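The structure appears below as structure tokens.
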Amino acid sequence: MANYVRFERKDGSRGAGQVEGQSIRVIEEPFWASATATGERLALEAVRLLPPCEPRSIVCVGLNYSSHLNGRPVPDPPTLFFKPLSSIAGPGDDILLPTGATHVEPEGEIVIVIGRKLKNATREEALGGIFGYTAGNDVSERAWQRSDGQWWRAKGSDTFGLFGPTIVTGIEYPTLEVVTRVNGIQVQHGGATELIRDIPEIVRYVSSVMTLLPGDIIYTGTPGEPPRINTGDSVEIEVTGAGVLRNGVM
């Protein structure tokens, strides 16, 4: 198992590396095929962690846990949507409540990170094309989600596409779990084995329509019924092996 990060040094320059204890072994980018060391090593505390990859596409699966459906029928075909790249935020960034928002909720999710080009993949090819997994927060404005014909602002506002802090590799997807905490209190818990459409099926289905490239990410759905968040709150999303994504609310 390995953990990959992207970071910003104090001088503003950026890089990528593998986490080893409390330090980062700096590696060349892109790191999808191999992790070639540059010889530089940095203390974790000496850098600011960034979202751990730079996707071209952000795909999200909605209504993919029975606990989130709460008795509603399973969508067929599955409900998928996109987040804009402008929504991306990472570890330590604030969740910014947009003007006019009245009911914003976090959605803790297991996020798939693609590691190779996939198009019309089989389930086996889809699973083999996954680089790793990270923690994601599909922040959602529920009033807009209910009222708008599209979810573009409900789920695409600035800072509503959070993910990080690391990409974990070498882990079996059925072992993955996601936990959400608001102000230290657990408000969500789910596992990959509870997904209505499992991880290889999600990647297979998406690749049947669009080409996936290394670094693209897929949010897999959220469990349960998360609570409303407000200015001053702290939100944590933890995914097995990938660490804890922490963000304040402003």
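In the structure tokens, chains take the letters A, B, ... in the order shown, each chain's residues start at 1, and ligands count up from 1 in the order shown.
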
Open item on the list: I'd like the neighbourhood of Glu177 in chain A as a PyMOL selection string, where a residue qualifies if any of its atoms comes within 10 Å (using only C-alpha atoms), though same-chain residues fewer than 3 positions away should be ignored.
Closed with: chain A and resi 109-110+135+173-174+189-194+238-241

Set out as a Markdown table a contact list for range 178-249 of chain A and range 10-33 of chain A with a cut-off of 12 Å, giving each residue of range 178-249 of chain A that qualifies its closest atom pair and distance in Å to one decimal, counting only C-alpha atoms, ordered by chain and rising residue number.
| residue | atom | partner | partner_atom | distance |
| --- | --- | --- | --- | --- |
| A:Leu213 | CA | A:Trp32 | CA | 10.6 |
| A:Pro214 | CA | A:Trp32 | CA | 7.0 |
| A:Gly215 | CA | A:Trp32 | CA | 8.2 |
| A:Asp216 | CA | A:Trp32 | CA | 11.5 |
| A:Gly241 | CA | A:Val19 | CA | 11.8 |
| A:Ala242 | CA | A:Val19 | CA | 10.8 |
| A:Gly243 | CA | A:Val19 | CA | 11.2 |

For the interface of range 163-211 of chain A with range 72-91 of chain A (cut-off 12 Å, counting only C-alpha atoms), please tabulate each contacting residue of range 163-211 of chain A alongside its nearest pair of atoms and their separation in Å to one decimal, rows sorted by chain and increasing number, as a Markdown table.
| residue | atom | partner | partner_atom | distance |
| --- | --- | --- | --- | --- |
| A:Phe163 | CA | A:Gly90 | CA | 5.4 |
| A:Gly164 | CA | A:Gly90 | CA | 5.9 |
| A:Pro165 | CA | A:Pro91 | CA | 5.6 |
| A:Thr166 | CA | A:Pro91 | CA | 9.3 |
| A:Leu195 | CA | A:Val74 | CA | 11.4 |
| A:Ile196 | CA | A:Val74 | CA | 8.2 |
| A:Arg197 | CA | A:Pro78 | CA | 8.4 |
| A:Asp198 | CA | A:Pro78 | CA | 11.7 |
| A:Glu201 | CA | A:Pro78 | CA | 10.9 |
| A:Ile202 | CA | A:Pro78 | CA | 9.2 |
| A:Val203 | CA | A:Leu80 | CA | 11.7 |
| A:Tyr205 | CA | A:Pro78 | CA | 9.3 |
| A:Val206 | CA | A:Leu80 | CA | 8.8 |
| A:Val209 | CA | A:Leu80 | CA | 11.6 |

Create the file for the chosen residues now, containing N, CA and C atoms and written as a short mmCIF file (atom, residue, chain, number, x, y, z; two decimals), in the first residue's frame.
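Printed below is result.cif as written:
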data_model
loop_
_atom_site.label_atom_id
_atom_site.label_comp_id
_atom_site.auth_asym_id
_atom_site.auth_seq_id
_atom_site.Cartn_x
_atom_site.Cartn_y
_atom_site.Cartn_z
N PHE A 163 -11.56 16.91 -2.39
CA PHE A 163 -11.02 15.55 -2.30
C PHE A 163 -9.58 15.60 -1.81
N GLY A 164 -9.14 14.46 -1.22
CA GLY A 164 -7.80 14.35 -0.64
C GLY A 164 -7.88 13.64 0.71
N PRO A 165 -6.85 13.66 1.53
CA PRO A 165 -5.56 14.30 1.29
C PRO A 165 -4.59 13.47 0.44
N THR A 166 -4.77 12.13 0.43
CA THR A 166 -3.86 11.28 -0.32
C THR A 166 -4.65 10.36 -1.24
N LEU A 195 -22.48 -0.33 -1.68
CA LEU A 195 -22.83 0.40 -2.89
C LEU A 195 -23.82 -0.41 -3.72
N ILE A 196 -24.85 0.25 -4.24
CA ILE A 196 -25.82 -0.43 -5.09
C ILE A 196 -25.14 -0.88 -6.38
N ARG A 197 -24.39 0.01 -6.97
CA ARG A 197 -23.55 -0.34 -8.14
C ARG A 197 -22.11 -0.25 -7.67
N ASP A 198 -21.40 -1.38 -7.73
CA ASP A 198 -20.08 -1.43 -7.11
C ASP A 198 -19.04 -0.71 -7.94
N GLU A 201 -18.27 -1.75 -11.57
CA GLU A 201 -19.43 -1.49 -12.42
C GLU A 201 -19.56 0.00 -12.72
N ILE A 202 -19.28 0.84 -11.73
CA ILE A 202 -19.32 2.29 -11.95
C ILE A 202 -18.35 2.68 -13.05
N VAL A 203 -17.09 2.22 -12.94
CA VAL A 203 -16.08 2.58 -13.93
C VAL A 203 -16.44 2.01 -15.30
N TYR A 205 -19.42 1.37 -16.48
CA TYR A 205 -20.56 2.10 -17.03
C TYR A 205 -20.13 3.47 -17.56
N VAL A 206 -19.34 4.20 -16.79
CA VAL A 206 -18.90 5.52 -17.23
C VAL A 206 -18.07 5.40 -18.51
N VAL A 209 -19.53 5.30 -22.10
CA VAL A 209 -20.04 6.53 -22.70
C VAL A 209 -18.92 7.52 -22.99
#

Open item on the list: Considering only C-alpha atoms, can you say which of A:Thr159, A:Ser34, A:Thr169, A:Thr180 comes closest to Thr134 in chain A?
Closed with: A:Thr169

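Nearest to Leu127 in chain A of all the residues A:Glu40, A:Asp158, A:Glu141, A:Glu172 is A:Glu172, counting only C-alpha atoms.
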
TODO: Go through range 42-248 of chain A and collect every residue that DSSP, computed from the backbone, puts in strand (DSSP E); the answer should be as a PyMOL selection string.
DONE: chain A and resi 42-43+48-50+58-62+79-82+88-89+104-105+108-114+130-138+140-141+161-169+177-182+185-191+217-219+234-239+243-248

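Interatomic distance, CA of Trp151 in chain A against CA of Thr220 in chain A: 16.4 Å.
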
Open item on the list: Taking 5 positions as the minimum chain separation for residues in the same chain, which residues sit within 6 Å of range 45-49 of chain A when counting only C-alpha atoms? Answer as a count of residues only.
Closed with: 3

Task: 6 Å contact set for Gly248 in chain A, only C-alpha atoms, chain neighbours under 5 positions out, as a ChimeraX atom specification - done: /A:94,233-234

TODO: Can you work out which one of A:Gly161, A:Gly71, A:Gly232, A:Pro200 has the shortest atom-to-atom distance to Asn137 in chain A, counting only C-alpha atoms?
DONE: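 Residue with the minimum atom-to-atom distance to Asn137 in chain A: A:Gly161.
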
TODO: Quote the spacing between CA of Gln150 in chain A and CA of Met210 in chain A in Å to one decimal place.
DONE: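 Separation of CA of Gln150 in chain A and CA of Met210 in chain A: 19.7 Å.
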
- [ ] Rank nothing, just name the residue among A:Val5, A:Val61, A:Ala126, A:Leu69 nearest to Ala35 in chain A, using only C-alpha atoms.
- [x]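 Closest candidate: A:Val5.
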
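The interatomic distance for the pair CA of Ala121 in chain A and CA of Pro51 in chain A works out to 26.5 Å.
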
Find the residues near Asn230 in chain A: any atom within 8 Å, counting only C-alpha atoms, skip ones fewer than 4 places away on the same chain, and give them as a compact mmCIF listing (two decimals) with all heavy atoms, in the first residue's frame.
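Okay, around-v3.txt is ready:
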# COMPACT_ATOMS: atom_id res chain seq x y z
N VAL A 104 -27.06 23.69 3.13
CA VAL A 104 -25.89 22.99 2.57
C VAL A 104 -25.55 21.80 3.44
O VAL A 104 -25.53 21.89 4.67
CB VAL A 104 -24.69 23.95 2.46
CG1 VAL A 104 -23.45 23.22 1.95
CG2 VAL A 104 -25.03 25.12 1.53
N VAL A 249 -15.93 25.54 7.44
CA VAL A 249 -17.05 26.09 6.69
C VAL A 249 -17.06 27.60 6.91
O VAL A 249 -17.04 28.08 8.04
CB VAL A 249 -18.40 25.48 7.14
CG1 VAL A 249 -19.54 26.03 6.28
CG2 VAL A 249 -18.35 23.95 7.05
N MET A 250 -17.10 28.35 5.80
CA MET A 250 -17.10 29.81 5.86
C MET A 250 -18.30 30.36 5.11
O MET A 250 -18.71 29.80 4.10
CB MET A 250 -15.81 30.36 5.25
CG MET A 250 -14.56 30.03 6.04
SD MET A 250 -14.48 30.90 7.61
CE MET A 250 -14.16 32.55 7.02
